[in-house]
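Written out below as structure tokens is the structure these notes cover.
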Amino acid sequence: MAERKPIESWLTDMDGVLIHEGVPIPGADAFIKKLRESGRPFLVLTNNSIYTARDLHARLQRMGLDVPVENIWTSALATAQFLDDQRPGGTAYVIGEAGMTTALHDIGYVLTDHEPDYVVLGETRTYSFEAMTKAVRLINGGARFICTNPDETGPSAEGPLPATGAVAALITKATGKKPYFAGKPNPLMMRTGLNAIGAHSETSAMIGDRMDTDVLAGLEAGMMTFLVLTGLTTPEDVERYPYRPSKVVDSIADLVDRV
């Protein structure tokens, strides 16, 4: 097998890799600082579509992690990029928060519940039965079903929360229509992210804490993959999957010297 080229650019997941329940993971500040000093292209990715990149920049900065807005890539931005490529200047009915609505406004989309081109389902902490019912009826009426990410649960201090993938399953059951997921593990999110920073998969690495999203997305995009054990995955979990990361490390601190 041909030896991989040196890593020139880095993509890293946010929750479980850089932060955990609002607290920086030891080594995260040193990793980001080293990336910025090196001048290497990098992106911090998240499947969470609630916040805008500007919101996330401010949240991370309060935790001591200085990540520029242009180095943050969310499933909302990946979804908007996909829709802009597919149907420029279209219309959408959105279930989601500012991260999703802002991304669609920025590409010139009109948000409406009157015969929209798409129903776009994103993350929110206030899923309503009324909104889900409207989504079901619009999809049955011909709107195409798009979802930011397939994560079925999300973390919270009290325990797991139902996430976008779980709500998407409800809508699919009611309509018989499966959504197109734009976020991880779809390699589309990785490729659009790489394009945004002018990077190439052959010389890029993906760091994540989940086998089924981060590692799979990086693998399918042709990148080197690092799994950290500070999030949801244990060493025993790794063996259950038919694919493996390029390397398993304890935490982001172990990768500072790789930059």
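In the structure tokens, each chain is lettered A, B, ... as it comes, each chain's residues begin at 1, and ligands are numbered from 1 in order of appearance.
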Contacts of stretch 92-109 of chain A at 8 Å or less, counting only C-alpha atoms, minus same-chain residues fewer than 6 places along, as a PDB file with N, CA, C and O atoms, in the first residue's frame?
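selection.pdb, freshly written:
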ATOM      1  N   SER A  49     -26.639  22.166  14.175  1.00  0.00           N
ATOM      2  CA  SER A  49     -27.001  23.286  13.292  1.00  0.00           C
ATOM      3  C   SER A  49     -27.687  24.431  14.032  1.00  0.00           C
ATOM      4  O   SER A  49     -28.190  25.359  13.411  1.00  0.00           O
ATOM      5  N   ILE A  50     -27.681  24.390  15.365  1.00  0.00           N
ATOM      6  CA  ILE A  50     -28.386  25.417  16.141  1.00  0.00           C
ATOM      7  C   ILE A  50     -27.724  26.785  16.004  1.00  0.00           C
ATOM      8  O   ILE A  50     -28.385  27.808  15.828  1.00  0.00           O
ATOM      9  N   TYR A  51     -26.381  26.805  16.075  1.00  0.00           N
ATOM     10  CA  TYR A  51     -25.667  28.076  16.163  1.00  0.00           C
ATOM     11  C   TYR A  51     -25.025  28.472  14.843  1.00  0.00           C
ATOM     12  O   TYR A  51     -24.634  27.629  14.041  1.00  0.00           O
ATOM     13  N   THR A  52     -24.883  29.785  14.638  1.00  0.00           N
ATOM     14  CA  THR A  52     -24.122  30.282  13.493  1.00  0.00           C
ATOM     15  C   THR A  52     -22.628  30.140  13.813  1.00  0.00           C
ATOM     16  O   THR A  52     -22.240  29.963  14.980  1.00  0.00           O
ATOM     17  N   ALA A  53     -21.798  30.249  12.787  1.00  0.00           N
ATOM     18  CA  ALA A  53     -20.349  30.192  13.008  1.00  0.00           C
ATOM     19  C   ALA A  53     -19.905  31.321  13.942  1.00  0.00           C
ATOM     20  O   ALA A  53     -19.018  31.144  14.777  1.00  0.00           O
ATOM     21  N   ALA A  76     -25.312  23.095   9.147  1.00  0.00           N
ATOM     22  CA  ALA A  76     -26.201  24.100   8.551  1.00  0.00           C
ATOM     23  C   ALA A  76     -25.540  24.740   7.331  1.00  0.00           C
ATOM     24  O   ALA A  76     -26.171  24.927   6.284  1.00  0.00           O
ATOM     25  N   LEU A  77     -24.249  25.076   7.449  1.00  0.00           N
ATOM     26  CA  LEU A  77     -23.523  25.673   6.329  1.00  0.00           C
ATOM     27  C   LEU A  77     -23.376  24.671   5.186  1.00  0.00           C
ATOM     28  O   LEU A  77     -23.506  25.029   4.007  1.00  0.00           O
ATOM     29  N   ALA A  80     -26.777  24.418   3.478  1.00  0.00           N
ATOM     30  CA  ALA A  80     -27.032  25.597   2.643  1.00  0.00           C
ATOM     31  C   ALA A  80     -26.199  25.545   1.363  1.00  0.00           C
ATOM     32  O   ALA A  80     -26.698  25.865   0.279  1.00  0.00           O
ATOM     33  N   GLN A  81     -24.949  25.133   1.479  1.00  0.00           N
ATOM     34  CA  GLN A  81     -24.084  25.017   0.300  1.00  0.00           C
ATOM     35  C   GLN A  81     -24.660  24.014  -0.693  1.00  0.00           C
ATOM     36  O   GLN A  81     -24.692  24.243  -1.899  1.00  0.00           O
ATOM     37  N   ASP A  84     -27.760  25.530  -2.351  1.00  0.00           N
ATOM     38  CA  ASP A  84     -27.360  26.577  -3.286  1.00  0.00           C
ATOM     39  C   ASP A  84     -26.839  25.971  -4.592  1.00  0.00           C
ATOM     40  O   ASP A  84     -27.061  26.515  -5.678  1.00  0.00           O
ATOM     41  N   PRO A 116     -43.101  25.213  -0.517  1.00  0.00           N
ATOM     42  CA  PRO A 116     -41.642  25.376  -0.576  1.00  0.00           C
ATOM     43  C   PRO A 116     -41.005  24.283  -1.443  1.00  0.00           C
ATOM     44  O   PRO A 116     -41.564  23.195  -1.609  1.00  0.00           O
ATOM     45  N   ASP A 117     -39.821  24.598  -1.967  1.00  0.00           N
ATOM     46  CA  ASP A 117     -39.054  23.589  -2.703  1.00  0.00           C
ATOM     47  C   ASP A 117     -38.589  22.481  -1.761  1.00  0.00           C
ATOM     48  O   ASP A 117     -38.521  21.314  -2.141  1.00  0.00           O
ATOM     49  N   TYR A 118     -38.231  22.880  -0.536  1.00  0.00           N
ATOM     50  CA  TYR A 118     -37.664  21.929   0.425  1.00  0.00           C
ATOM     51  C   TYR A 118     -38.288  22.099   1.807  1.00  0.00           C
ATOM     52  O   TYR A 118     -38.654  23.213   2.196  1.00  0.00           O
ATOM     53  N   VAL A 119     -38.367  21.006   2.526  1.00  0.00           N
ATOM     54  CA  VAL A 119     -38.525  21.042   3.984  1.00  0.00           C
ATOM     55  C   VAL A 119     -37.146  20.733   4.543  1.00  0.00           C
ATOM     56  O   VAL A 119     -36.548  19.699   4.219  1.00  0.00           O
ATOM     57  N   VAL A 120     -36.611  21.644   5.343  1.00  0.00           N
ATOM     58  CA  VAL A 120     -35.275  21.472   5.912  1.00  0.00           C
ATOM     59  C   VAL A 120     -35.403  21.281   7.422  1.00  0.00           C
ATOM     60  O   VAL A 120     -35.888  22.167   8.127  1.00  0.00           O
ATOM     61  N   LEU A 121     -34.966  20.128   7.880  1.00  0.00           N
ATOM     62  CA  LEU A 121     -35.032  19.804   9.307  1.00  0.00           C
ATOM     63  C   LEU A 121     -33.651  19.940   9.924  1.00  0.00           C
ATOM     64  O   LEU A 121     -32.696  19.301   9.480  1.00  0.00           O
ATOM     65  N   GLY A 122     -33.542  20.803  10.936  1.00  0.00           N
ATOM     66  CA  GLY A 122     -32.280  20.982  11.646  1.00  0.00           C
ATOM     67  C   GLY A 122     -32.472  20.747  13.130  1.00  0.00           C
ATOM     68  O   GLY A 122     -33.531  20.296  13.577  1.00  0.00           O
ATOM     69  N   GLU A 123     -31.456  21.062  13.893  1.00  0.00           N
ATOM     70  CA  GLU A 123     -31.480  20.861  15.341  1.00  0.00           C
ATOM     71  C   GLU A 123     -32.218  22.004  16.015  1.00  0.00           C
ATOM     72  O   GLU A 123     -32.089  23.165  15.617  1.00  0.00           O
ATOM     73  N   THR A 124     -33.006  21.687  17.023  1.00  0.00           N
ATOM     74  CA  THR A 124     -33.637  22.708  17.857  1.00  0.00           C
ATOM     75  C   THR A 124     -33.976  22.084  19.200  1.00  0.00           C
ATOM     76  O   THR A 124     -34.099  20.863  19.309  1.00  0.00           O
ATOM     77  N   TYR A 127     -38.649  21.322  19.373  1.00  0.00           N
ATOM     78  CA  TYR A 127     -39.429  20.661  18.329  1.00  0.00           C
ATOM     79  C   TYR A 127     -40.903  20.705  18.719  1.00  0.00           C
ATOM     80  O   TYR A 127     -41.271  20.296  19.814  1.00  0.00           O
ATOM     81  N   ALA A 131     -45.184  22.088  14.095  1.00  0.00           N
ATOM     82  CA  ALA A 131     -44.191  22.229  13.031  1.00  0.00           C
ATOM     83  C   ALA A 131     -43.962  20.903  12.316  1.00  0.00           C
ATOM     84  O   ALA A 131     -43.829  20.857  11.084  1.00  0.00           O
ATOM     85  N   MET A 132     -43.909  19.810  13.078  1.00  0.00           N
ATOM     86  CA  MET A 132     -43.705  18.491  12.466  1.00  0.00           C
ATOM     87  C   MET A 132     -44.890  18.102  11.590  1.00  0.00           C
ATOM     88  O   MET A 132     -44.724  17.530  10.513  1.00  0.00           O
ATOM     89  N   ALA A 135     -44.584  19.993   8.391  1.00  0.00           N
ATOM     90  CA  ALA A 135     -43.536  19.395   7.568  1.00  0.00           C
ATOM     91  C   ALA A 135     -44.060  18.150   6.845  1.00  0.00           C
ATOM     92  O   ALA A 135     -43.809  17.961   5.645  1.00  0.00           O
TER      93      ALA A 135
END
Taking only stretch 80-229 of chain A into account, list the residues labelled strand (DSSP E) by DSSP (computed from the backbone), as a PyMOL selection string. chain A and resi 91-95+110-111+118-121+144-147+153-154+161-162+180-181+204-208+224-228
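Ranking A:Arg125, A:Arg40, A:His200, A:Lys177 by their shortest atom-to-atom distance to A:Pro162, with only C-alpha atoms included, puts A:Arg125 first.
Take the candidates A:Asp257, A:Gln86, A:Leu18, A:Met189 and check each one against A:Leu65 using only C-alpha atoms; the shortest distance goes to A:Leu18.
Ranking A:Pro242, A:Pro41, A:Pro179, A:Pro26 by their shortest atom-to-atom distance to A:Arg144, with only C-alpha atoms included, puts A:Pro179 first.
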Quick one: of A:Val17, A:Ile146, A:Ala174, A:Leu11, who's nearest to A:Thr233, counting only C-alpha atoms? A:Val17
Test item: residues at most 12 Å from A:Ala253, only C-alpha atoms, excluding those fewer than 6 positions along its chain, as an NGL selection string: :A and (17-18 or 24-34 or 207 or 228-230 or 259)
Which of stretch 65-200 of chain A counts as alpha helix (DSSP H) under DSSP, as a PyMOL selection string please? chain A and resi 75-86+98-106+129-140+164-175+187-196
Kindly indicate which residue among A:Asp151, A:Asp113, A:Glu3, A:Glu239 lies nearest to A:Ala163, using only C-alpha atoms for the distances. A:Asp151
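Atom CA of A:Thr46 is positioned 18.1 Å from atom CA of A:Gly64.
The space between atom CA of A:Gly154 and atom CA of A:Asn47 spans 10.1 Å.
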Nearest candidate to A:Pro235 (options A:His57, A:Lys184, A:Lys247, A:Arg62; using only C-alpha atoms): A:Lys247
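Relative to atom CA of A:Leu216, atom CA of A:Tyr243 is found at 8.0 Å.
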